[in-house]
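Everything below belongs to input.cif, which stores mmCIF, N, CA and C atoms.
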```
data_model
#
loop_
_atom_site.label_atom_id
_atom_site.label_comp_id
_atom_site.auth_asym_id
_atom_site.auth_seq_id
_atom_site.Cartn_x
_atom_site.Cartn_y
_atom_site.Cartn_z
N MET C 25 -19.01 -16.84 8.65
CA MET C 25 -19.06 -16.88 7.21
C MET C 25 -17.67 -16.59 6.66
N ALA C 26 -17.18 -17.41 5.78
CA ALA C 26 -15.86 -17.24 5.19
C ALA C 26 -15.90 -16.13 4.14
N PRO C 27 -14.83 -15.28 4.09
CA PRO C 27 -14.81 -14.23 3.08
C PRO C 27 -14.68 -14.81 1.68
N ARG C 28 -15.23 -14.09 0.72
CA ARG C 28 -15.13 -14.53 -0.67
C ARG C 28 -13.68 -14.45 -1.14
N HIS C 29 -13.34 -15.25 -2.15
CA HIS C 29 -12.01 -15.21 -2.73
C HIS C 29 -11.79 -13.85 -3.37
N TYR C 30 -10.62 -13.28 -3.19
CA TYR C 30 -10.31 -11.96 -3.72
C TYR C 30 -9.12 -12.09 -4.65
N SER C 31 -9.26 -11.64 -5.88
CA SER C 31 -8.15 -11.70 -6.83
C SER C 31 -7.70 -10.29 -7.18
N ARG C 32 -6.40 -10.14 -7.43
CA ARG C 32 -5.81 -8.84 -7.75
C ARG C 32 -5.71 -8.65 -9.24
N ILE C 33 -5.85 -7.40 -9.66
CA ILE C 33 -5.70 -7.06 -11.06
C ILE C 33 -4.30 -6.49 -11.31
N TYR C 34 -3.81 -5.69 -10.38
CA TYR C 34 -2.53 -4.99 -10.55
C TYR C 34 -1.41 -5.66 -9.77
N HIS C 35 -0.20 -5.57 -10.30
CA HIS C 35 0.99 -6.09 -9.63
C HIS C 35 1.21 -5.35 -8.32
N ARG C 36 1.53 -6.07 -7.29
CA ARG C 36 1.87 -5.45 -6.00
C ARG C 36 3.38 -5.47 -5.84
N PHE C 37 3.92 -4.31 -5.48
CA PHE C 37 5.36 -4.18 -5.28
C PHE C 37 5.67 -4.35 -3.80
N PRO C 38 6.69 -5.17 -3.47
CA PRO C 38 7.06 -5.33 -2.06
C PRO C 38 7.75 -4.07 -1.56
N LEU C 39 7.05 -3.31 -0.75
CA LEU C 39 7.55 -2.08 -0.16
C LEU C 39 7.24 -2.10 1.32
N PHE C 40 8.02 -1.40 2.10
CA PHE C 40 7.85 -1.43 3.54
C PHE C 40 7.86 -0.01 4.09
N TYR C 41 6.65 0.52 4.34
CA TYR C 41 6.48 1.88 4.86
C TYR C 41 5.55 1.83 6.06
N PRO C 42 5.76 2.74 7.03
CA PRO C 42 4.82 2.82 8.15
C PRO C 42 3.45 3.32 7.66
N VAL C 43 2.40 2.84 8.31
CA VAL C 43 1.04 3.28 7.99
C VAL C 43 0.26 3.53 9.27
N ILE C 44 -0.72 4.40 9.15
CA ILE C 44 -1.71 4.63 10.19
C ILE C 44 -3.06 4.35 9.53
N PHE C 45 -3.91 3.60 10.20
CA PHE C 45 -5.20 3.26 9.61
C PHE C 45 -6.29 3.37 10.64
N GLY C 46 -7.49 3.57 10.17
CA GLY C 46 -8.61 3.67 11.09
C GLY C 46 -9.92 3.41 10.40
N GLY C 47 -10.83 2.88 11.17
CA GLY C 47 -12.19 2.62 10.72
C GLY C 47 -13.03 2.39 11.95
N ALA C 48 -14.31 2.22 11.78
CA ALA C 48 -15.17 1.98 12.94
C ALA C 48 -15.16 0.48 13.22
N PRO C 49 -14.77 0.02 14.35
CA PRO C 49 -14.45 0.71 15.60
C PRO C 49 -12.97 0.61 15.97
N PHE C 50 -12.05 0.79 15.06
CA PHE C 50 -10.64 0.58 15.39
C PHE C 50 -9.77 1.67 14.77
N ILE C 51 -8.58 1.82 15.35
CA ILE C 51 -7.54 2.68 14.81
C ILE C 51 -6.23 1.99 15.16
N GLY C 52 -5.24 2.08 14.28
CA GLY C 52 -3.99 1.39 14.57
C GLY C 52 -2.85 1.86 13.70
N GLU C 53 -1.70 1.31 14.00
CA GLU C 53 -0.48 1.56 13.24
C GLU C 53 0.06 0.22 12.78
N GLY C 54 0.78 0.25 11.68
CA GLY C 54 1.37 -0.97 11.18
C GLY C 54 2.40 -0.67 10.12
N ASN C 55 2.74 -1.68 9.36
CA ASN C 55 3.71 -1.54 8.28
C ASN C 55 3.12 -2.06 6.98
N LEU C 56 3.14 -1.22 5.97
CA LEU C 56 2.73 -1.64 4.64
C LEU C 56 3.75 -2.66 4.16
N THR C 57 3.29 -3.76 3.59
CA THR C 57 4.22 -4.80 3.11
C THR C 57 4.25 -4.88 1.59
N ASN C 58 3.20 -4.40 0.93
CA ASN C 58 3.23 -4.29 -0.52
C ASN C 58 2.19 -3.29 -0.96
N LEU C 59 2.36 -2.79 -2.20
CA LEU C 59 1.55 -1.68 -2.68
C LEU C 59 1.28 -1.84 -4.17
N SER C 60 0.05 -1.52 -4.59
CA SER C 60 -0.31 -1.50 -6.01
C SER C 60 -1.14 -0.26 -6.28
N LEU C 61 -1.57 -0.10 -7.53
CA LEU C 61 -2.43 1.03 -7.88
C LEU C 61 -3.77 1.00 -7.15
N MET C 62 -4.23 -0.18 -6.80
CA MET C 62 -5.58 -0.31 -6.23
C MET C 62 -5.63 -0.91 -4.84
N GLY C 63 -4.47 -1.14 -4.21
CA GLY C 63 -4.53 -1.72 -2.88
C GLY C 63 -3.17 -1.92 -2.25
N CYS C 64 -3.21 -2.45 -1.04
CA CYS C 64 -1.98 -2.72 -0.30
C CYS C 64 -2.24 -3.81 0.73
N SER C 65 -1.15 -4.31 1.29
CA SER C 65 -1.21 -5.22 2.44
C SER C 65 -0.55 -4.53 3.61
N VAL C 66 -1.07 -4.79 4.79
CA VAL C 66 -0.57 -4.16 6.01
C VAL C 66 -0.38 -5.23 7.07
N MET C 67 0.75 -5.16 7.80
CA MET C 67 0.97 -6.01 8.97
C MET C 67 0.83 -5.13 10.20
N CYS C 68 0.11 -5.64 11.20
CA CYS C 68 -0.07 -4.88 12.44
C CYS C 68 -0.40 -5.84 13.58
N GLU C 69 -0.41 -5.30 14.77
CA GLU C 69 -0.75 -6.10 15.94
C GLU C 69 -2.20 -5.90 16.36
N ARG C 70 -2.92 -5.11 15.60
CA ARG C 70 -4.31 -4.77 15.90
C ARG C 70 -5.25 -5.69 15.13
N GLU C 71 -6.30 -6.13 15.76
CA GLU C 71 -7.29 -6.96 15.09
C GLU C 71 -8.21 -6.07 14.25
N VAL C 72 -8.44 -6.46 13.01
CA VAL C 72 -9.34 -5.72 12.12
C VAL C 72 -10.38 -6.69 11.57
N LEU C 73 -11.45 -6.15 11.04
CA LEU C 73 -12.55 -6.97 10.56
C LEU C 73 -12.63 -6.94 9.04
N CYS C 74 -12.67 -8.10 8.43
CA CYS C 74 -12.83 -8.20 6.98
C CYS C 74 -14.15 -7.54 6.58
N GLY C 75 -14.10 -6.72 5.52
CA GLY C 75 -15.28 -6.02 5.06
C GLY C 75 -15.43 -4.62 5.62
N SER C 76 -14.60 -4.26 6.59
CA SER C 76 -14.67 -2.93 7.19
C SER C 76 -14.15 -1.86 6.24
N ASP C 77 -14.77 -0.69 6.30
CA ASP C 77 -14.23 0.48 5.61
C ASP C 77 -13.10 1.04 6.45
N VAL C 78 -12.07 1.55 5.77
CA VAL C 78 -10.88 2.02 6.48
C VAL C 78 -10.27 3.21 5.73
N ARG C 79 -9.66 4.08 6.48
CA ARG C 79 -8.86 5.18 5.94
C ARG C 79 -7.41 4.82 6.25
N VAL C 80 -6.51 5.00 5.26
CA VAL C 80 -5.11 4.61 5.43
C VAL C 80 -4.22 5.79 5.08
N SER C 81 -3.24 6.06 5.92
CA SER C 81 -2.22 7.08 5.64
C SER C 81 -0.88 6.37 5.57
N VAL C 82 -0.22 6.46 4.40
CA VAL C 82 1.07 5.80 4.16
C VAL C 82 2.16 6.85 4.29
N LEU C 83 3.15 6.58 5.14
CA LEU C 83 4.24 7.51 5.37
C LEU C 83 5.38 7.17 4.41
N LEU C 84 5.31 7.76 3.21
CA LEU C 84 6.35 7.54 2.20
C LEU C 84 7.62 8.27 2.59
N PRO C 85 8.78 7.68 2.28
CA PRO C 85 10.05 8.33 2.66
C PRO C 85 10.22 9.66 1.92
N ASP C 86 10.77 10.64 2.62
CA ASP C 86 11.09 11.95 2.05
C ASP C 86 9.89 12.66 1.45
N GLN C 87 8.69 12.34 1.90
CA GLN C 87 7.49 13.01 1.38
C GLN C 87 6.57 13.36 2.54
N THR C 88 6.14 14.60 2.56
CA THR C 88 5.10 15.01 3.50
C THR C 88 4.08 15.79 2.71
N PRO C 89 2.85 15.73 2.99
CA PRO C 89 2.23 14.92 4.03
C PRO C 89 2.16 13.45 3.63
N ALA C 90 1.57 12.65 4.51
CA ALA C 90 1.39 11.23 4.22
C ALA C 90 0.50 11.05 3.00
N LEU C 91 0.67 9.92 2.32
CA LEU C 91 -0.19 9.54 1.20
C LEU C 91 -1.52 9.08 1.81
N SER C 92 -2.58 9.81 1.54
CA SER C 92 -3.86 9.57 2.20
C SER C 92 -4.83 8.82 1.30
N ILE C 93 -5.24 7.64 1.75
CA ILE C 93 -6.28 6.87 1.08
C ILE C 93 -7.57 7.18 1.85
N ASP C 94 -8.45 7.98 1.26
CA ASP C 94 -9.65 8.42 1.96
C ASP C 94 -10.59 7.29 2.32
N LEU C 95 -10.70 6.30 1.41
CA LEU C 95 -11.62 5.20 1.68
C LEU C 95 -11.09 3.92 1.05
N GLY C 96 -11.02 2.90 1.85
CA GLY C 96 -10.65 1.57 1.39
C GLY C 96 -11.52 0.54 2.09
N THR C 97 -11.48 -0.68 1.60
CA THR C 97 -12.20 -1.78 2.23
C THR C 97 -11.22 -2.90 2.54
N ILE C 98 -11.31 -3.43 3.73
CA ILE C 98 -10.48 -4.58 4.10
C ILE C 98 -11.06 -5.81 3.41
N LYS C 99 -10.29 -6.37 2.48
CA LYS C 99 -10.77 -7.48 1.65
C LYS C 99 -10.44 -8.84 2.23
N TRP C 100 -9.36 -8.93 3.00
CA TRP C 100 -8.99 -10.21 3.59
C TRP C 100 -8.16 -9.95 4.86
N VAL C 101 -8.20 -10.91 5.76
CA VAL C 101 -7.42 -10.86 7.00
C VAL C 101 -6.82 -12.24 7.22
N HIS C 102 -5.50 -12.29 7.45
CA HIS C 102 -4.78 -13.52 7.77
C HIS C 102 -3.88 -13.23 8.96
N GLY C 103 -4.33 -13.58 10.15
CA GLY C 103 -3.54 -13.33 11.35
C GLY C 103 -3.30 -11.84 11.54
N CYS C 104 -2.02 -11.46 11.52
CA CYS C 104 -1.62 -10.06 11.74
C CYS C 104 -1.51 -9.26 10.44
N GLU C 105 -1.96 -9.81 9.33
CA GLU C 105 -1.86 -9.13 8.04
C GLU C 105 -3.25 -9.00 7.42
N PHE C 106 -3.46 -7.87 6.74
CA PHE C 106 -4.73 -7.68 6.05
C PHE C 106 -4.50 -6.93 4.74
N GLY C 107 -5.45 -7.09 3.82
CA GLY C 107 -5.38 -6.44 2.51
C GLY C 107 -6.45 -5.39 2.36
N VAL C 108 -6.08 -4.26 1.78
CA VAL C 108 -7.00 -3.14 1.58
C VAL C 108 -7.15 -2.87 0.09
N GLU C 109 -8.39 -2.77 -0.36
CA GLU C 109 -8.67 -2.31 -1.72
C GLU C 109 -8.98 -0.82 -1.63
N PHE C 110 -8.27 -0.01 -2.43
CA PHE C 110 -8.49 1.44 -2.43
C PHE C 110 -9.76 1.76 -3.21
N LEU C 111 -10.65 2.52 -2.58
CA LEU C 111 -11.90 2.91 -3.22
C LEU C 111 -11.92 4.40 -3.58
N ARG C 112 -11.29 5.24 -2.75
CA ARG C 112 -11.31 6.68 -3.01
C ARG C 112 -10.00 7.32 -2.56
N LEU C 113 -9.34 7.98 -3.52
CA LEU C 113 -8.12 8.73 -3.26
C LEU C 113 -8.29 10.13 -3.85
N PRO C 114 -7.83 11.16 -3.15
CA PRO C 114 -7.81 12.48 -3.76
C PRO C 114 -6.88 12.46 -4.98
N LEU C 115 -7.10 13.36 -5.93
CA LEU C 115 -6.30 13.40 -7.15
C LEU C 115 -4.80 13.49 -6.84
N GLU C 116 -4.42 14.35 -5.91
CA GLU C 116 -3.01 14.50 -5.57
C GLU C 116 -2.43 13.19 -5.03
N ALA C 117 -3.19 12.49 -4.21
CA ALA C 117 -2.74 11.20 -3.68
C ALA C 117 -2.58 10.18 -4.80
N ARG C 118 -3.52 10.16 -5.75
CA ARG C 118 -3.43 9.24 -6.88
C ARG C 118 -2.17 9.52 -7.70
N GLN C 119 -1.85 10.79 -7.92
CA GLN C 119 -0.65 11.16 -8.68
C GLN C 119 0.62 10.75 -7.94
N ARG C 120 0.65 10.94 -6.62
CA ARG C 120 1.81 10.52 -5.83
C ARG C 120 1.96 9.01 -5.82
N LEU C 121 0.85 8.29 -5.72
CA LEU C 121 0.89 6.83 -5.77
C LEU C 121 1.41 6.37 -7.13
N ASN C 122 0.91 6.96 -8.20
CA ASN C 122 1.37 6.60 -9.55
C ASN C 122 2.86 6.84 -9.69
N SER C 123 3.35 7.96 -9.19
CA SER C 123 4.78 8.29 -9.28
C SER C 123 5.63 7.29 -8.51
N THR C 124 5.20 6.94 -7.30
CA THR C 124 5.93 5.98 -6.48
C THR C 124 6.00 4.63 -7.18
N LEU C 125 4.88 4.17 -7.72
CA LEU C 125 4.85 2.87 -8.38
C LEU C 125 5.61 2.87 -9.71
N ARG C 126 5.62 4.00 -10.40
CA ARG C 126 6.39 4.11 -11.64
C ARG C 126 7.88 3.91 -11.35
N ILE C 127 8.37 4.52 -10.29
CA ILE C 127 9.78 4.35 -9.90
C ILE C 127 10.06 2.88 -9.56
N GLU C 128 9.15 2.24 -8.86
CA GLU C 128 9.32 0.83 -8.51
C GLU C 128 9.30 -0.06 -9.74
N LEU C 129 8.44 0.25 -10.70
CA LEU C 129 8.38 -0.54 -11.93
C LEU C 129 9.67 -0.40 -12.72
N ILE C 130 10.19 0.80 -12.83
CA ILE C 130 11.47 1.01 -13.54
C ILE C 130 12.57 0.20 -12.86
N HIS C 131 12.61 0.24 -11.55
CA HIS C 131 13.61 -0.53 -10.80
C HIS C 131 13.45 -2.03 -11.07
N LEU C 132 12.22 -2.52 -11.03
CA LEU C 132 11.97 -3.94 -11.28
C LEU C 132 12.41 -4.35 -12.68
N LEU C 133 12.07 -3.55 -13.68
CA LEU C 133 12.44 -3.88 -15.06
C LEU C 133 13.95 -3.84 -15.25
N LYS C 134 14.62 -2.88 -14.66
CA LYS C 134 16.08 -2.81 -14.78
C LYS C 134 16.74 -3.99 -14.07
N THR C 135 16.19 -4.38 -12.94
CA THR C 135 16.73 -5.53 -12.22
C THR C 135 16.56 -6.80 -13.04
N ARG C 136 15.40 -6.98 -13.63
CA ARG C 136 15.14 -8.17 -14.44
C ARG C 136 16.00 -8.22 -15.69
N SER C 137 16.32 -7.05 -16.25
CA SER C 137 17.12 -7.03 -17.47
C SER C 137 18.61 -7.10 -17.17
N GLY C 138 18.98 -7.04 -15.87
CA GLY C 138 20.38 -7.13 -15.49
C GLY C 138 21.14 -5.83 -15.59
N ARG C 139 20.46 -4.73 -15.88
CA ARG C 139 21.13 -3.44 -15.97
C ARG C 139 21.27 -2.86 -14.58
N SER C 140 22.30 -2.05 -14.41
CA SER C 140 22.50 -1.40 -13.10
C SER C 140 21.51 -0.25 -12.96
N GLU C 141 21.29 0.14 -11.72
CA GLU C 141 20.37 1.23 -11.44
C GLU C 141 20.95 2.56 -11.88
N SER C 142 20.07 3.42 -12.34
CA SER C 142 20.50 4.79 -12.64
C SER C 142 20.57 5.58 -11.36
N PRO C 143 21.36 6.66 -11.30
CA PRO C 143 21.53 7.43 -10.06
C PRO C 143 20.24 7.91 -9.44
N GLU C 144 19.23 8.29 -10.24
CA GLU C 144 18.00 8.80 -9.65
C GLU C 144 17.21 7.73 -8.92
N LEU C 145 17.50 6.45 -9.14
CA LEU C 145 16.79 5.38 -8.46
C LEU C 145 17.48 4.90 -7.20
N LEU C 146 18.70 5.36 -6.96
CA LEU C 146 19.43 4.90 -5.79
C LEU C 146 18.78 5.35 -4.49
N ASN C 147 18.09 6.46 -4.49
CA ASN C 147 17.43 6.97 -3.29
C ASN C 147 15.93 6.78 -3.36
N ARG C 148 15.48 5.64 -3.82
CA ARG C 148 14.06 5.41 -4.01
C ARG C 148 13.32 5.06 -2.73
N GLY C 149 14.03 5.10 -1.59
CA GLY C 149 13.35 4.91 -0.32
C GLY C 149 13.29 3.50 0.17
N SER C 150 14.00 2.57 -0.42
CA SER C 150 13.97 1.18 0.04
C SER C 150 14.84 1.01 1.25
#
```

Take the structure I supplied and represent it as structure tokens, if you would.
Amino acid sequence: MAPRHYSRIYHRFPLFYPVIFGGAPFIGEGNLTNLSLMGCSVMCEREVLCGSDVRVSVLLPDQTPALSIDLGTIKWVHGCEFGVEFLRLPLEARQRLNSTLRIELIHLLKTRSGRSESPELLNRGS
């Protein structure tokens, strides 16, 4: 059965962070390739199943502990890449995710407007 079409509501920012993910019956490591308020894409060498529930830990630069997504669902799989919709995040994780994406949005807007980056954005972890 082919998976249903999945459309995104929020902009995904191209970011590249290591991730650890797990669900029944798999666990693996990979690289996050983009991130939004409600989901992400991951590249890995592990086979995953569309529709599976998954827990994801994103290793953000200069931040410990990892950003923990308590519950997500794998919405699509294309070869070695899959997309996760976030279903449950602890409040602290949601605040850290919002902060990370706010920095990325500021960077994107400044880049589009042709302005140079401010000093606080130079170490944004890219």

At what distance in Å, to one decimal, does atom N of Leu84 (chain C) lie from atom C of Ser65 (chain C)?
13.6 Å

List the residues matched by the PyMOL selection byres ((chain C and resi 59) around 8) in the displayed structure as a PyMOL selection string, ordered by chain and then by residue number.
chain C and resi 34-40+56-58+60-65+125

Which residues would end up in the selection if the PyMOL selection byres (((chain C and resi 97-113 and name CA) around 12) and name CA) were applied here, given that I need the answer as a ChimeraX atom specification?
/C:26-34,36,45-48,53-81,91-96,114-122

Using DSSP on the backbone, list every residue of chain C that comes out as helix (DSSP H, G or I), and give them as a list in words.
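Those residues are Leu115, Glu116, Ala117, Arg118, Gln119, Arg120, Leu121, Asn122, Ser123, Thr124, Leu125, Arg126, Ile127, Glu128, Leu129, Ile130, His131, Leu132, Leu133, Lys134, Thr135, Arg136, Ser137, Pro143, Glu144 and Leu145 of chain C.
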
Find the distance between CA of Pro42 (chain C) and CA of Val82 (chain C) and write it in Å to one decimal.
6.2 Å
